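Presented below is the structure to which this report refers.
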Amino acid sequence: MGNQEIFLAVISIVIIGIAIAVGLTMFTQNTVEHNRKSCIADMNHFAALAIGWWKTPLISGGGNRVSNLNSSYGATNYIDVLGNFIGNNYNETSNKLSNGNGSYEIQSGGANSVKFIGMGTVIINDAPVQVTLTVDLYSAAISIDIIN
């Protein structure tokens with residue numbers, strides 16, 4: 001085999017290696033973006049349910065426009081009532097919902113608002129995908145922050 005053939009073989013191997021590396025990077029970025037968008041979609045759904053729950057009277061199982069989710073309804077915290085209303089494997093001990101896209105913690109976002117903290121299933125930069133969504137229950141305004 002001559003020098004030209006060896007040179008072409010080495011160049012071919014380098015080009016194939018670069019193509020594989022670029023393909024893996026694109027696949028990883030696509031997976032992260034998909035998980036992030038799935039978490040945001042889940043939290044948008046939870047926010048819509050939270051708004052409906054908040055506007056529903058207590059007698060019908062709703063939040064009766066409670067101004068502070070940290071207060072309680074009898075022996076039950078309003079966050080737990082909301083979490084049980086939303087469902088998705090709600091855990092009263094940790095205030096978390098979960099599904100195939102990730103786990104979501106429910107917190108009070110302040111007066112008349114709920115904050116959802118989503119932790120995705122995909123790891124990037126040694127941490128899971130993380131997104132927060134805060135919904136103002138009175139105006140239905142939503143703000144989203146991408147953490148990772």
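Lettering and numbering for the structure tokens are positional, with chains as A, B, ... in the shown order, residues counted from 1 in each chain, and ligands counted from 1 in the shown order.
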Handout entry: Within 8 Å of Ser143 of chain A using only C-alpha atoms, minus same-chain residues under 6 positions, as a count of residues only
Key = 3
Exercise for the section: Check chain A with DSSP on the backbone and list each residue it calls alpha helix (DSSP H), as an MDAnalysis selection string. Expected result: chainID A and resid 3:55 78:86
Practice task
Figure out the distance between atom CA of Phe85 of chain A and atom CA of Val129 of chain A, please, to one decimal in Å.
Solution key: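 Separation between atom CA of Val129 of chain A and atom CA of Phe85 of chain A: 25.5 Å.
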Practice task
Find the spatial neighbours of segment 70-83 of chain A, counting only C-alpha atoms, within a cut-off of 7 Å - ignore same-chain residues fewer than 5 positions away - and output them as a ChimeraX atom specification.
Solution key: /A:50,90,92,95,106,108
Same residues, C-alpha atoms, output as a PDB file, in the first residue's frame:
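That gives us selection-v9.pdb:
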ATOM      1  CA  ALA A  50     -54.283  24.729  39.686  1.00  0.00           C
ATOM      2  CA  TYR A  90     -48.627  13.112  44.451  1.00  0.00           C
ATOM      3  CA  GLU A  92     -47.763  14.597  50.590  1.00  0.00           C
ATOM      4  CA  ASN A  95     -45.063  17.877  47.985  1.00  0.00           C
ATOM      5  CA  ILE A 106     -45.364  22.288  44.446  1.00  0.00           C
ATOM      6  CA  SER A 108     -46.422  28.585  47.346  1.00  0.00           C
TER       7      SER A 108
END
Handout entry: Atomic distance atom CA of Val66 of chain A - atom CA of Ala111 of chain A, expressed in Å with one decimal
Key = 8.9 Å
Exercise for the section: Would you return as a ChimeraX atom specification the members of chain A that DSSP assigns to strand (DSSP E) on this structure's backbone? Expected result: /A:72-73,76-77,96-99,102-110,113-124,127-136,142-146
Export of prior selection with C-alpha atoms as a PDB file, in the first residue's frame:
ATOM      1  CA  SER A  72     -54.337  24.940  55.922  1.00  0.00           C
ATOM      2  CA  TYR A  73     -57.834  23.698  55.424  1.00  0.00           C
ATOM      3  CA  THR A  76     -54.630  19.542  55.639  1.00  0.00           C
ATOM      4  CA  ASN A  77     -52.293  22.015  53.980  1.00  0.00           C
ATOM      5  CA  LYS A  96     -43.985  16.230  44.719  1.00  0.00           C
ATOM      6  CA  LEU A  97     -45.775  14.980  41.649  1.00  0.00           C
ATOM      7  CA  SER A  98     -44.097  12.598  39.220  1.00  0.00           C
ATOM      8  CA  ASN A  99     -44.463  11.064  35.782  1.00  0.00           C
ATOM      9  CA  GLY A 102     -39.643  14.033  35.739  1.00  0.00           C
ATOM     10  CA  SER A 103     -40.681  15.035  39.239  1.00  0.00           C
ATOM     11  CA  TYR A 104     -42.343  18.311  40.176  1.00  0.00           C
ATOM     12  CA  GLU A 105     -42.437  20.027  43.542  1.00  0.00           C
ATOM     13  CA  ILE A 106     -45.364  22.288  44.446  1.00  0.00           C
ATOM     14  CA  GLN A 107     -44.600  25.416  46.478  1.00  0.00           C
ATOM     15  CA  SER A 108     -46.422  28.585  47.346  1.00  0.00           C
ATOM     16  CA  GLY A 109     -45.241  31.281  44.976  1.00  0.00           C
ATOM     17  CA  GLY A 110     -46.513  34.109  47.170  1.00  0.00           C
ATOM     18  CA  SER A 113     -49.636  32.084  43.148  1.00  0.00           C
ATOM     19  CA  VAL A 114     -48.235  28.578  42.837  1.00  0.00           C
ATOM     20  CA  LYS A 115     -44.674  27.623  41.944  1.00  0.00           C
ATOM     21  CA  PHE A 116     -43.794  24.305  40.307  1.00  0.00           C
ATOM     22  CA  ILE A 117     -40.158  23.172  40.285  1.00  0.00           C
ATOM     23  CA  GLY A 118     -39.553  20.517  37.638  1.00  0.00           C
ATOM     24  CA  MET A 119     -36.605  18.128  37.642  1.00  0.00           C
ATOM     25  CA  GLY A 120     -36.353  16.208  34.380  1.00  0.00           C
ATOM     26  CA  THR A 121     -35.083  12.690  33.843  1.00  0.00           C
ATOM     27  CA  VAL A 122     -32.202  13.723  31.558  1.00  0.00           C
ATOM     28  CA  ILE A 123     -28.843  14.706  33.074  1.00  0.00           C
ATOM     29  CA  ILE A 124     -26.839  17.595  31.613  1.00  0.00           C
ATOM     30  CA  ALA A 127     -27.386  17.803  37.005  1.00  0.00           C
ATOM     31  CA  PRO A 128     -30.914  17.003  35.860  1.00  0.00           C
ATOM     32  CA  VAL A 129     -32.846  19.302  33.571  1.00  0.00           C
ATOM     33  CA  GLN A 130     -34.498  21.854  35.882  1.00  0.00           C
ATOM     34  CA  VAL A 131     -37.274  24.317  35.110  1.00  0.00           C
ATOM     35  CA  THR A 132     -39.495  26.452  37.351  1.00  0.00           C
ATOM     36  CA  LEU A 133     -42.954  27.699  36.483  1.00  0.00           C
ATOM     37  CA  THR A 134     -44.867  30.230  38.561  1.00  0.00           C
ATOM     38  CA  VAL A 135     -48.536  30.899  37.888  1.00  0.00           C
ATOM     39  CA  ASP A 136     -50.474  33.834  39.289  1.00  0.00           C
ATOM     40  CA  ILE A 142     -47.304  32.292  33.866  1.00  0.00           C
ATOM     41  CA  SER A 143     -43.547  32.811  34.117  1.00  0.00           C
ATOM     42  CA  ILE A 144     -41.005  30.130  33.272  1.00  0.00           C
ATOM     43  CA  ASP A 145     -37.340  30.027  34.299  1.00  0.00           C
ATOM     44  CA  ILE A 146     -34.931  27.478  32.815  1.00  0.00           C
TER      45      ILE A 146
END
